[in-house]
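J.: Data file upload.txt (compact mmCIF, C-alpha atoms) is appended below.
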```txt
# COMPACT_ATOMS: atom_id res chain seq x y z
CA MET A 40 -7.51 -6.10 -41.17
CA SER A 41 -7.28 -9.39 -43.03
CA GLU A 42 -7.98 -7.83 -46.46
CA HIS A 43 -4.56 -6.11 -46.48
CA SER A 44 -3.60 -7.70 -49.75
CA SER A 45 -0.46 -6.46 -51.54
CA SER A 46 2.29 -6.50 -48.90
CA PRO A 47 1.53 -3.81 -46.32
CA LEU A 48 5.18 -3.90 -45.26
CA LYS A 49 6.16 -2.25 -48.54
CA THR A 50 3.55 0.48 -47.96
CA TYR A 51 4.89 1.11 -44.45
CA VAL A 52 8.45 1.57 -45.70
CA VAL A 53 7.28 3.90 -48.50
CA ILE A 54 5.31 6.01 -45.99
CA TRP A 55 8.32 6.06 -43.64
CA ILE A 56 10.57 7.36 -46.43
CA ALA A 57 7.92 9.94 -47.39
CA LEU A 58 7.76 11.15 -43.76
CA LEU A 59 11.55 11.50 -43.56
CA PHE A 60 11.51 13.32 -46.92
CA GLY A 61 8.79 15.67 -45.59
CA THR A 62 10.95 16.41 -42.54
CA ALA A 63 13.95 17.23 -44.74
CA LEU A 64 11.74 19.41 -46.95
CA THR A 65 10.33 21.40 -44.04
CA VAL A 66 13.83 22.02 -42.62
CA ILE A 67 15.10 23.20 -46.04
CA ALA A 68 12.04 25.44 -46.51
CA ALA A 69 12.66 26.99 -43.08
CA HIS A 70 16.13 28.11 -44.21
CA ILE A 71 14.68 30.19 -47.03
CA ASN A 72 13.07 33.48 -46.06
CA LEU A 73 9.57 33.31 -47.50
CA GLY A 74 8.25 36.06 -45.25
CA PRO A 75 4.80 35.24 -43.93
CA PHE A 76 4.66 32.12 -46.10
CA ASN A 77 7.23 30.25 -43.96
CA ALA A 78 4.50 29.37 -41.48
CA ALA A 79 2.03 28.40 -44.22
CA VAL A 80 4.55 26.12 -45.96
CA ALA A 81 5.59 24.49 -42.66
CA LEU A 82 1.99 23.86 -41.60
CA THR A 83 1.07 22.46 -45.02
CA ILE A 84 3.95 19.96 -44.90
CA ALA A 85 3.10 19.06 -41.29
CA THR A 86 -0.54 18.42 -42.25
CA ALA A 87 0.54 16.23 -45.18
CA LYS A 88 2.78 14.22 -42.82
CA ALA A 89 0.02 13.91 -40.23
CA LEU A 90 -2.38 12.69 -42.94
CA LEU A 91 0.10 10.00 -44.01
CA VAL A 92 0.42 8.81 -40.41
CA VAL A 93 -3.35 8.79 -39.80
CA LEU A 94 -4.28 7.10 -43.08
CA PHE A 95 -1.55 4.46 -43.33
CA PHE A 96 0.10 3.95 -39.93
CA MET A 97 -3.15 4.29 -37.95
CA HIS A 98 -4.96 2.31 -40.67
CA LEU A 99 -7.79 4.80 -41.07
CA LYS A 100 -7.70 4.18 -44.84
CA GLY A 101 -8.59 0.51 -44.55
CA ALA A 102 -10.84 0.89 -41.50
CA SER A 103 -14.03 -1.14 -41.83
CA GLU A 104 -15.79 0.97 -39.23
CA LYS A 105 -17.23 4.14 -40.80
CA LEU A 106 -17.79 5.57 -37.32
CA LEU A 107 -13.99 6.02 -36.96
CA LYS A 108 -13.93 8.34 -39.96
CA LEU A 109 -16.81 10.33 -38.47
CA VAL A 110 -14.87 10.69 -35.20
CA VAL A 111 -11.77 11.94 -37.03
CA ILE A 112 -13.69 14.36 -39.23
CA SER A 113 -15.60 15.82 -36.27
CA THR A 114 -12.34 16.15 -34.31
CA VAL A 115 -10.78 18.19 -37.10
CA PHE A 116 -14.00 20.21 -37.42
CA PHE A 117 -14.09 21.15 -33.73
CA LEU A 118 -10.35 21.90 -33.67
CA LEU A 119 -10.86 24.28 -36.61
CA ILE A 120 -13.77 25.97 -34.76
CA LEU A 121 -11.47 26.47 -31.77
CA LEU A 122 -8.62 27.91 -33.84
CA ALA A 123 -10.66 29.84 -36.43
CA LEU A 124 -13.00 31.62 -34.00
CA SER A 125 -10.16 32.46 -31.60
CA MET A 126 -8.02 33.85 -34.38
CA ALA A 127 -10.98 35.74 -35.87
CA ASP A 128 -11.24 37.49 -32.50
CA TYR A 129 -7.60 38.07 -31.57
CA GLY A 130 -6.45 38.55 -35.17
CA THR A 131 -8.75 41.53 -35.67
CA ARG A 132 -8.14 43.27 -32.36
CA LEU A 133 -6.19 46.50 -32.18
CA TRP A 134 -3.31 45.64 -29.86
CA SER A 135 -2.22 48.56 -27.76
CA MET B 84 -27.93 -3.30 -39.61
CA PRO B 85 -28.55 -6.82 -38.25
CA ASP B 86 -31.69 -7.13 -36.14
CA SER B 87 -31.38 -7.95 -32.47
CA GLN B 88 -32.35 -11.55 -33.00
CA THR B 89 -29.40 -12.17 -35.30
CA ILE B 90 -27.00 -10.58 -32.81
CA GLY B 91 -28.49 -12.71 -30.06
CA SER B 92 -28.20 -15.93 -32.02
CA GLN B 93 -24.64 -15.00 -33.04
CA ALA B 94 -23.72 -14.50 -29.41
CA ILE B 95 -25.23 -17.86 -28.47
CA ALA B 96 -23.51 -19.55 -31.37
CA VAL B 97 -20.17 -18.05 -30.38
CA HIS B 98 -20.54 -18.91 -26.74
CA ASP B 99 -21.66 -22.47 -27.38
CA GLU B 100 -18.43 -23.51 -29.02
CA THR B 101 -14.97 -23.18 -27.53
CA HIS B 102 -13.67 -19.78 -28.50
CA ASN B 103 -10.93 -17.25 -27.85
CA PRO B 104 -10.93 -16.61 -24.08
CA ALA B 105 -10.11 -12.95 -24.80
CA LEU B 106 -13.61 -12.48 -26.27
CA LEU B 107 -15.70 -10.88 -23.53
CA HIS B 108 -19.22 -12.20 -23.05
CA HIS B 109 -20.99 -8.96 -23.93
CA PHE B 110 -19.58 -8.90 -27.46
CA ALA B 111 -21.07 -11.03 -30.24
CA THR B 112 -17.93 -11.43 -32.30
CA GLU B 113 -14.20 -10.68 -32.10
CA GLU B 114 -14.62 -8.06 -34.86
CA GLN B 115 -17.28 -6.28 -32.84
CA GLN B 116 -15.06 -6.29 -29.76
CA ARG B 117 -12.09 -4.95 -31.72
CA ASP B 118 -14.18 -2.23 -33.40
CA ALA B 119 -15.52 -1.13 -30.02
CA SER B 120 -12.00 -0.89 -28.60
CA SER B 121 -10.59 1.10 -31.48
CA LEU B 122 -13.63 3.41 -31.54
CA GLY B 123 -13.06 4.11 -27.84
CA MET B 124 -9.38 4.85 -28.51
CA TRP B 125 -10.14 7.20 -31.39
CA ILE B 126 -12.62 9.12 -29.21
CA PHE B 127 -9.96 9.37 -26.48
CA LEU B 128 -7.48 10.65 -29.08
CA SER B 129 -9.99 13.27 -30.22
CA THR B 130 -10.14 14.61 -26.64
CA GLU B 131 -6.32 14.69 -26.73
CA VAL B 132 -6.47 16.72 -29.95
CA MET B 133 -8.66 19.30 -28.20
CA PHE B 134 -6.31 19.27 -25.19
CA PHE B 135 -3.24 20.05 -27.29
CA GLY B 136 -5.39 22.25 -29.56
CA GLY B 137 -5.92 24.72 -26.71
CA LEU B 138 -2.16 25.02 -26.25
CA PHE B 139 -1.60 25.48 -29.98
CA CYS B 140 -4.29 28.18 -29.92
CA ALA B 141 -2.55 29.97 -27.04
CA TYR B 142 0.73 29.76 -28.95
CA LEU B 143 -0.82 31.24 -32.12
CA ILE B 144 -2.47 34.11 -30.21
CA TYR B 145 0.74 35.11 -28.38
CA ARG B 146 2.83 34.71 -31.52
CA LEU B 147 0.45 37.13 -33.23
CA LYS B 148 0.75 39.59 -30.34
CA TYR B 149 4.52 39.36 -29.63
CA PHE B 150 5.70 38.39 -33.09
CA GLY B 151 9.23 39.82 -32.80
CA GLU B 152 9.98 38.31 -29.38
CA PHE B 153 8.64 34.92 -30.47
CA ALA B 154 10.92 34.98 -33.52
CA ALA B 155 13.95 35.99 -31.43
CA ALA B 156 13.22 33.35 -28.78
CA SER B 157 12.52 30.66 -31.38
CA GLN B 158 15.91 31.31 -32.98
CA THR B 159 17.68 30.32 -29.75
CA LEU B 160 16.40 26.73 -30.10
CA ASN B 161 18.67 24.06 -31.53
CA TRP B 162 16.92 23.09 -34.78
CA GLN B 163 19.48 20.33 -35.46
CA LEU B 164 18.45 18.50 -32.28
CA GLY B 165 14.79 19.14 -33.11
CA THR B 166 15.24 17.62 -36.57
CA THR B 167 17.03 14.59 -35.10
CA ASN B 168 14.18 14.07 -32.67
CA THR B 169 11.64 14.30 -35.49
CA ALA B 170 13.52 11.60 -37.40
CA VAL B 171 13.73 9.45 -34.23
CA LEU B 172 9.97 9.68 -33.74
CA ILE B 173 9.21 8.88 -37.39
CA CYS B 174 11.45 5.80 -37.17
CA SER B 175 9.66 4.77 -33.97
CA SER B 176 6.32 5.08 -35.77
CA LEU B 177 7.63 2.65 -38.39
CA THR B 178 8.73 0.14 -35.73
CA VAL B 179 5.29 0.46 -34.07
CA VAL B 180 3.44 -0.29 -37.29
CA LEU B 181 5.79 -3.25 -37.86
CA ALA B 182 5.00 -4.51 -34.35
CA VAL B 183 1.25 -4.32 -35.09
CA TYR B 184 1.82 -6.24 -38.33
CA ALA B 185 3.96 -8.85 -36.54
CA ALA B 186 1.31 -9.37 -33.86
CA GLN B 187 -1.36 -9.86 -36.54
CA HIS B 188 0.76 -12.38 -38.43
CA ALA B 189 2.18 -14.34 -35.47
CA LYS B 190 5.79 -13.29 -36.14
CA ARG B 191 7.16 -13.48 -32.59
CA ALA B 192 10.76 -12.43 -33.22
CA MET B 193 9.67 -9.46 -35.34
CA LEU B 194 7.11 -8.43 -32.72
CA LEU B 195 9.57 -8.50 -29.81
CA GLY B 196 12.30 -6.83 -31.89
CA SER B 197 10.01 -4.01 -33.04
CA LEU B 198 8.76 -3.39 -29.51
CA VAL B 199 12.30 -3.22 -28.12
CA LEU B 200 13.36 -0.86 -30.94
CA THR B 201 10.34 1.37 -30.27
CA ILE B 202 11.22 1.61 -26.58
CA ILE B 203 14.87 2.39 -27.40
CA LEU B 204 13.80 5.12 -29.86
CA GLY B 205 11.42 6.51 -27.23
CA PHE B 206 14.27 6.78 -24.74
CA ALA B 207 16.49 8.32 -27.43
CA PHE B 208 13.86 11.03 -27.97
CA LEU B 209 13.67 11.77 -24.25
CA GLY B 210 17.47 11.81 -23.98
CA ILE B 211 17.81 14.39 -26.74
CA LYS B 212 14.99 16.41 -25.15
CA ALA B 213 16.88 16.31 -21.82
CA VAL B 214 20.01 17.72 -23.55
CA GLU B 215 17.88 20.55 -24.96
CA TYR B 216 16.27 21.28 -21.58
CA ALA B 217 19.73 21.33 -19.92
CA GLU B 218 20.83 23.94 -22.46
CA LYS B 219 17.79 26.08 -21.55
CA PHE B 220 18.78 25.96 -17.88
CA GLU B 221 22.37 26.95 -18.71
CA LYS B 222 21.24 29.91 -20.81
CA HIS B 223 18.67 30.98 -18.18
CA HIS B 224 15.87 30.52 -20.68
CA VAL B 225 13.63 28.75 -18.17
CA PRO B 226 10.69 30.97 -17.14
CA GLY B 227 10.93 32.12 -13.56
CA PRO B 228 12.99 34.45 -11.35
CA SER B 229 16.31 33.56 -13.04
CA PHE B 230 15.00 34.11 -16.57
CA GLN B 231 17.34 36.23 -18.70
CA PHE B 232 16.75 37.49 -22.20
CA GLU B 233 18.60 40.80 -22.21
CA ASN B 234 20.12 42.60 -25.18
CA VAL B 235 18.67 40.24 -27.76
CA LYS B 236 17.81 42.02 -30.97
CA VAL B 237 14.40 41.39 -32.48
CA PRO B 238 14.63 40.39 -36.14
CA THR B 239 13.13 43.24 -38.15
CA ALA B 240 12.42 43.84 -41.81
CA PRO B 241 15.02 46.03 -43.57
CA GLY B 242 14.37 49.71 -43.05
CA GLN B 243 12.60 49.24 -39.72
CA PRO B 244 14.23 50.60 -36.54
CA GLU B 245 16.18 48.02 -34.53
CA ARG B 246 14.94 47.18 -31.06
CA PHE B 247 15.70 44.77 -28.24
CA ALA B 248 13.35 41.99 -27.26
CA ASN B 249 11.18 42.55 -24.21
CA PRO B 250 12.29 39.75 -21.83
CA SER B 251 8.84 39.32 -20.27
CA HIS B 252 7.32 38.75 -23.70
CA ALA B 253 10.06 36.28 -24.67
CA GLN B 254 9.35 34.52 -21.39
CA ILE B 255 5.83 33.73 -22.64
CA TYR B 256 7.38 31.91 -25.62
CA PHE B 257 9.56 29.80 -23.32
CA ALA B 258 6.64 29.11 -20.97
CA LEU B 259 4.63 27.78 -23.93
CA TYR B 260 7.71 25.88 -25.18
CA PHE B 261 8.13 24.11 -21.85
CA VAL B 262 4.43 23.38 -21.34
CA MET B 263 3.92 22.05 -24.88
CA THR B 264 7.13 20.00 -25.17
CA GLY B 265 6.85 18.97 -21.52
CA LEU B 266 3.32 17.60 -21.93
CA HIS B 267 4.46 15.91 -25.13
CA ALA B 268 7.40 14.35 -23.26
CA LEU B 269 4.97 13.21 -20.54
CA HIS B 270 2.95 11.47 -23.26
CA MET B 271 6.17 9.86 -24.48
CA ILE B 272 6.94 8.58 -20.98
CA ILE B 273 3.43 7.11 -20.69
CA GLY B 274 3.87 5.64 -24.20
CA ILE B 275 7.13 3.95 -23.18
CA GLY B 276 5.34 2.54 -20.12
CA ILE B 277 2.56 1.14 -22.36
CA PHE B 278 5.14 -0.39 -24.70
CA LEU B 279 7.07 -1.98 -21.82
CA TRP B 280 3.79 -3.59 -20.78
CA LEU B 281 3.11 -4.68 -24.37
CA LEU B 282 6.60 -6.20 -24.45
CA THR B 283 5.85 -8.30 -21.36
CA ILE B 284 2.51 -9.59 -22.67
CA ALA B 285 4.07 -10.23 -26.10
CA TRP B 286 6.85 -12.17 -24.34
CA LYS B 287 4.21 -14.29 -22.58
CA GLY B 288 2.63 -14.98 -25.98
CA ARG B 289 -0.61 -13.20 -25.22
CA LEU B 290 -0.67 -11.22 -28.48
CA THR B 291 -1.97 -13.51 -31.20
CA PRO B 292 -3.44 -13.02 -34.69
CA GLU B 293 -6.88 -13.66 -33.09
CA TYR B 294 -6.40 -11.14 -30.28
CA ASN B 295 -3.94 -8.26 -30.55
CA THR B 296 -6.16 -5.31 -29.60
CA PRO B 297 -3.72 -3.98 -26.93
CA MET B 298 -0.99 -3.76 -29.57
CA GLU B 299 -3.28 -2.03 -32.04
CA ILE B 300 -4.59 0.47 -29.45
CA GLY B 301 -1.11 1.12 -28.05
CA GLY B 302 0.07 1.75 -31.60
CA LEU B 303 -2.70 4.31 -32.18
CA TYR B 304 -1.56 6.18 -29.05
CA TRP B 305 2.10 6.19 -30.14
CA HIS B 306 1.23 7.48 -33.62
CA PHE B 307 -0.89 10.24 -32.08
CA VAL B 308 2.05 11.40 -29.95
CA ASP B 309 4.14 11.39 -33.13
CA ILE B 310 1.56 13.61 -34.88
CA VAL B 311 1.65 16.14 -32.01
CA TRP B 312 5.42 16.40 -32.47
CA ILE B 313 4.99 16.74 -36.26
CA TYR B 314 3.16 20.01 -35.52
CA LEU B 315 5.26 21.13 -32.53
CA PHE B 316 8.56 20.84 -34.41
CA PRO B 317 7.91 23.38 -37.21
CA LEU B 318 5.91 25.76 -35.00
CA LEU B 319 8.49 25.99 -32.21
CA TYR B 320 11.76 25.48 -34.07
CA LEU B 321 11.41 26.34 -37.72
CA ILE B 322 8.95 28.97 -38.84
CA ASP B 323 10.96 31.94 -37.58
CA LEU B 324 14.42 30.62 -38.41
CA ARG B 325 14.96 33.18 -41.18
CA LYS B 326 13.49 36.47 -40.12
```
Let's see the structure in the file written out as structure tokens.
T.:
Amino acid sequence: MSEHSSSPLKTYVVIWIALLFGTALTVIAAHINLGPFNAAVALTIATAKALLVVLFFMHLKGASEKLLKLVVISTVFFLLILLALSMADYGTRLWS
Amino acid sequence: MPDSQTIGSQAIAVHDETHNPALLHHFATEEQQRDASSLGMWIFLSTEVMFFGGLFCAYLIYRLKYFGEFAAASQTLNWQLGTTNTAVLICSSLTVVLAVYAAQHAKRAMLLGSLVLTIILGFAFLGIKAVEYAEKFEKHHVPGPSFQFENVKVPTAPGQPERFANPSHAQIYFALYFVMTGLHALHMIIGIGIFLWLLTIAWKGRLTPEYNTPMEIGGLYWHFVDIVWIYLFPLLYLIDLRK
């Protein structure tokens, strides 16, 4: 934590503004009918915002412990298994 | 990887001299103790991701199945209040990260101020959520015997025949809405409790640059709850706004 050199406070404010900007962007995008792409755009912006929070606010970027990164990567991996395999099943069923 | 002898001698060296009383005897150094704590927190958060992940999965499956009803039900939400709440949570994440910084740099006034602001923003979020829930009760959009969703047209593509939403399918949307936002709100309540506790120990001067692990871990939890909302907000409020 001590090697946070060039004022971390400035970084925090920049990330905060970026998060508010992302929120405004996702609301504006929702007011345009993009058909099936509305969900894709919204989820992309949400993932970008989540990444900013994890990397800068939760300090994953400067984490000395490599094990933390492994935990985060495996979490995302298992979440994707959950979602991808479930959707591969339900998404290809013929609903009556 | 240091061999066991080095760790042992480090531990003896640390314990021989007067040191931070917060350093527990089974850790060699303060860094090791802090790394262990944050690793434990990250693993807890990964179980929380899987917990909410199951709900997101259920939402995606039912949205796929009852697409029209989910769009119609989603359009009854108040996206203005949802946006306000998103902004409130993002601001609270900033105050949390400022509190962590203040604890690490022994800035007492900044630490106490940031903690108080975080708690206020947490209550603001819950207050706005309460207004939204009250509106659901008034409109009979709460799943259960009094649920009403009659004569609501399903948004359809031009050229397709118009039809009314099936209330029992719309009810699934509102059930998922209440479970997901309700569990998120429960996490917020727990988060406010943690921050009230942090405020008391910060007031007593127990968060120092040498030992501020509770602040750091509490901050990780708060940011996680923020991330859950970052996904809940577009999925529940936004993606079907224009259909």
J.: Excluding B:Lys219 and any residue of its chain fewer than 2 positions from it, enumerate the residues within 12 Å of it, using all atoms listed in the file, and give them as a ChimeraX atom specification.
T.: /B:156,159-161,212-217,221-226,229-232,254,257-258,260-261
J.: In Å, how far is it from atom CA of B:Tyr256 to atom CA of B:Val237?
T.: 13.6 Å
J.: Nearest to A:Leu91 among B:Leu177, B:Ala170, B:Ile284, B:Ala119, with distances taken over only C-alpha atoms: which residue is it?
T.: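 For A:Leu91, the nearest of the given residues is B:Leu177.
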J.: Which polymer residues, whether protein, DNA or RNA, lie within 10 Å of the coordinate (1.1, 16.5, -42.9) when you count all atoms listed in the file? List them as a PyMOL selection string, using the chain letters and numbers from the file.
T.: (chain A and resi 58+61-62+81-93) or (chain B and resi 310+313-314)
J.: What's the 10 Å shell around B:Thr264, counting all atoms listed in the file, without same-chain residues fewer than 3 positions away, as an mmCIF file with C-alpha atoms, in the frame of the given file?
T.:
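File written: around-v7.cif
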```cif
data_model
loop_
_atom_site.group_PDB
_atom_site.id
_atom_site.type_symbol
_atom_site.label_atom_id
_atom_site.label_comp_id
_atom_site.auth_asym_id
_atom_site.auth_seq_id
_atom_site.Cartn_x
_atom_site.Cartn_y
_atom_site.Cartn_z
ATOM 1 C CA LYS B 212 14.990 16.410 -25.150
ATOM 2 C CA TYR B 216 16.270 21.280 -21.580
ATOM 3 C CA LEU B 259 4.630 27.780 -23.930
ATOM 4 C CA TYR B 260 7.710 25.880 -25.180
ATOM 5 C CA PHE B 261 8.130 24.110 -21.850
ATOM 6 C CA HIS B 267 4.460 15.910 -25.130
ATOM 7 C CA ALA B 268 7.400 14.350 -23.260
ATOM 8 C CA LEU B 269 4.970 13.210 -20.540
ATOM 9 C CA HIS B 270 2.950 11.470 -23.260
ATOM 10 C CA VAL B 311 1.650 16.140 -32.010
ATOM 11 C CA TRP B 312 5.420 16.400 -32.470
ATOM 12 C CA LEU B 315 5.260 21.130 -32.530
ATOM 13 C CA PHE B 316 8.560 20.840 -34.410
ATOM 14 C CA LEU B 319 8.490 25.990 -32.210
#
```
J.: If we count all atoms listed in the file, what is near A:Phe96 at a cut-off of 8 Å, once residues fewer than 6 positions away on the same chain are taken out, given as a PDB file with C-alpha atoms, keeping the file's coordinate frame?
T.:
```
ATOM      1  CA  TYR A  51       4.890   1.110 -44.450  1.00  0.00           C
TER       2      TYR A  51
ATOM      3  CA  SER B 176       6.320   5.080 -35.770  1.00  0.00           C
ATOM      4  CA  LEU B 177       7.630   2.650 -38.390  1.00  0.00           C
ATOM      5  CA  VAL B 180       3.440  -0.290 -37.290  1.00  0.00           C
ATOM      6  CA  HIS B 306       1.230   7.480 -33.620  1.00  0.00           C
TER       7      HIS B 306
END
```
J.: Write down, as a list in words, each residue of chain B that has any atom within 7 Å of an atom of chain A, counting all atoms listed in the file.
T.: Asp118, Leu122, Trp125, Ile126, Ser129, Met133, Gly136, Cys140, Ile144, Ala170, Ile173, Leu177, Val180, Leu303, His306, Ile310, Ile313, Tyr314, Pro317, Leu321, Ile322, Leu324, Arg325 and Lys326 of chain B
J.: So what do you get for atom CA of B:His252 versus atom CA of B:Leu147, distance-wise?
T.: 11.9 Å
J.: Just how far from atom CA of B:Val308 is atom CA of B:Gly210, in Å to one decimal?
T.: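 Rounded to one decimal, the two atoms are 16.5 Å apart.
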J.: I want to know what sits within 12 Å of B:Thr283, based on all atoms listed in the file, with residues of the same chain fewer than 4 positions away left out; could you give that as a PDB file with C-alpha atoms, in the coordinates of the input?
T.:
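File produced: selection.pdb:
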```pdb
ATOM      1  CA  LEU B 194       7.110  -8.430 -32.720  1.00  0.00           C
ATOM      2  CA  LEU B 195       9.570  -8.500 -29.810  1.00  0.00           C
ATOM      3  CA  LEU B 198       8.760  -3.390 -29.510  1.00  0.00           C
ATOM      4  CA  VAL B 199      12.300  -3.220 -28.120  1.00  0.00           C
ATOM      5  CA  GLY B 276       5.340   2.540 -20.120  1.00  0.00           C
ATOM      6  CA  ILE B 277       2.560   1.140 -22.360  1.00  0.00           C
ATOM      7  CA  PHE B 278       5.140  -0.390 -24.700  1.00  0.00           C
ATOM      8  CA  LEU B 279       7.070  -1.980 -21.820  1.00  0.00           C
ATOM      9  CA  LYS B 287       4.210 -14.290 -22.580  1.00  0.00           C
ATOM     10  CA  GLY B 288       2.630 -14.980 -25.980  1.00  0.00           C
ATOM     11  CA  ARG B 289      -0.610 -13.200 -25.220  1.00  0.00           C
ATOM     12  CA  LEU B 290      -0.670 -11.220 -28.480  1.00  0.00           C
ATOM     13  CA  PRO B 297      -3.720  -3.980 -26.930  1.00  0.00           C
ATOM     14  CA  MET B 298      -0.990  -3.760 -29.570  1.00  0.00           C
TER      15      MET B 298
END
```
J.: Counting only C-alpha atoms, which residue out of B:Ser251, B:Leu164, B:Ser197, B:Val183 sits closest to B:Tyr149?
T.: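 Checking each candidate against B:Tyr149, we get B:Ser251 as the closest.
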J.: What's the 9 Å shell around B:Gly205, counting all atoms listed in the file, without same-chain residues fewer than 6 positions away, as a PDB file with C-alpha atoms, keeping the file's coordinate frame?
T.:
```
ATOM      1  CA  VAL B 171      13.730   9.450 -34.230  1.00  0.00           C
ATOM      2  CA  LEU B 172       9.970   9.680 -33.740  1.00  0.00           C
ATOM      3  CA  SER B 175       9.660   4.770 -33.970  1.00  0.00           C
ATOM      4  CA  MET B 271       6.170   9.860 -24.480  1.00  0.00           C
ATOM      5  CA  ILE B 272       6.940   8.580 -20.980  1.00  0.00           C
ATOM      6  CA  GLY B 274       3.870   5.640 -24.200  1.00  0.00           C
ATOM      7  CA  ILE B 275       7.130   3.950 -23.180  1.00  0.00           C
TER       8      ILE B 275
END
```
J.: I need the residue nearest A:Lys49 from this list: B:Leu282, B:Leu181, B:Ile255, B:Cys174. Use only C-alpha atoms for the distance.
T.: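 When distances to A:Lys49 are compared using only C-alpha atoms, the smallest one comes from B:Leu181.
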J.: Using all atoms listed in the file - which residues lie no farther than 8 Å from the point (-11.3, -11.0, -30.9) in the file's frame? Write them as an MDAnalysis selection string.
T.: chainID B and resid 103 105:106 112:117 293:296
J.: Export, as a CSV table (one decimal), in the coordinates of the input, the selected residues with C-alpha atoms.
T.:
```
chain,number,residue,atom,x,y,z
B,103,ASN,CA,-10.9,-17.2,-27.8
B,105,ALA,CA,-10.1,-13.0,-24.8
B,106,LEU,CA,-13.6,-12.5,-26.3
B,112,THR,CA,-17.9,-11.4,-32.3
B,113,GLU,CA,-14.2,-10.7,-32.1
B,114,GLU,CA,-14.6,-8.1,-34.9
B,115,GLN,CA,-17.3,-6.3,-32.8
B,116,GLN,CA,-15.1,-6.3,-29.8
B,117,ARG,CA,-12.1,-5.0,-31.7
B,293,GLU,CA,-6.9,-13.7,-33.1
B,294,TYR,CA,-6.4,-11.1,-30.3
B,295,ASN,CA,-3.9,-8.3,-30.6
B,296,THR,CA,-6.2,-5.3,-29.6
```
J.: Could stretch 81-93 of chain A be written out with N, CA and C atoms, as a PDB file, in the first residue's frame, please?
T.:
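Contents of result-v4.pdb, as written:
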```pdb
ATOM      1  N   ALA A  81     -25.687  -2.313 -22.378  1.00  0.00           N
ATOM      2  CA  ALA A  81     -25.819  -2.070 -20.938  1.00  0.00           C
ATOM      3  C   ALA A  81     -24.859  -2.948 -20.144  1.00  0.00           C
ATOM      4  N   LEU A  82     -24.741  -4.225 -20.534  1.00  0.00           N
ATOM      5  CA  LEU A  82     -23.866  -5.131 -19.788  1.00  0.00           C
ATOM      6  C   LEU A  82     -22.395  -4.793 -20.006  1.00  0.00           C
ATOM      7  N   THR A  83     -22.061  -4.312 -21.219  1.00  0.00           N
ATOM      8  CA  THR A  83     -20.669  -3.909 -21.475  1.00  0.00           C
ATOM      9  C   THR A  83     -20.293  -2.726 -20.597  1.00  0.00           C
ATOM     10  N   ILE A  84     -21.182  -1.714 -20.531  1.00  0.00           N
ATOM     11  CA  ILE A  84     -20.886  -0.542 -19.696  1.00  0.00           C
ATOM     12  C   ILE A  84     -20.801  -0.959 -18.234  1.00  0.00           C
ATOM     13  N   ALA A  85     -21.732  -1.833 -17.798  1.00  0.00           N
ATOM     14  CA  ALA A  85     -21.716  -2.276 -16.394  1.00  0.00           C
ATOM     15  C   ALA A  85     -20.402  -2.990 -16.071  1.00  0.00           C
ATOM     16  N   THR A  86     -19.935  -3.825 -17.011  1.00  0.00           N
ATOM     17  CA  THR A  86     -18.680  -4.553 -16.764  1.00  0.00           C
ATOM     18  C   THR A  86     -17.502  -3.593 -16.704  1.00  0.00           C
ATOM     19  N   ALA A  87     -17.504  -2.572 -17.566  1.00  0.00           N
ATOM     20  CA  ALA A  87     -16.434  -1.574 -17.520  1.00  0.00           C
ATOM     21  C   ALA A  87     -16.433  -0.863 -16.169  1.00  0.00           C
ATOM     22  N   LYS A  88     -17.642  -0.498 -15.687  1.00  0.00           N
ATOM     23  CA  LYS A  88     -17.740   0.178 -14.382  1.00  0.00           C
ATOM     24  C   LYS A  88     -17.260  -0.735 -13.257  1.00  0.00           C
ATOM     25  N   ALA A  89     -17.688  -2.007 -13.312  1.00  0.00           N
ATOM     26  CA  ALA A  89     -17.278  -2.956 -12.267  1.00  0.00           C
ATOM     27  C   ALA A  89     -15.757  -3.117 -12.263  1.00  0.00           C
ATOM     28  N   LEU A  90     -15.159  -3.157 -13.468  1.00  0.00           N
ATOM     29  CA  LEU A  90     -13.699  -3.290 -13.561  1.00  0.00           C
ATOM     30  C   LEU A  90     -12.997  -2.099 -12.909  1.00  0.00           C
ATOM     31  N   LEU A  91     -13.526  -0.889 -13.174  1.00  0.00           N
ATOM     32  CA  LEU A  91     -12.929   0.305 -12.558  1.00  0.00           C
ATOM     33  C   LEU A  91     -12.984   0.209 -11.039  1.00  0.00           C
ATOM     34  N   VAL A  92     -14.133  -0.231 -10.520  1.00  0.00           N
ATOM     35  CA  VAL A  92     -14.275  -0.345  -9.056  1.00  0.00           C
ATOM     36  C   VAL A  92     -13.288  -1.377  -8.505  1.00  0.00           C
ATOM     37  N   VAL A  93     -13.223  -2.554  -9.164  1.00  0.00           N
ATOM     38  CA  VAL A  93     -12.361  -3.625  -8.653  1.00  0.00           C
ATOM     39  C   VAL A  93     -10.889  -3.217  -8.721  1.00  0.00           C
TER      40      VAL A  93
END
```
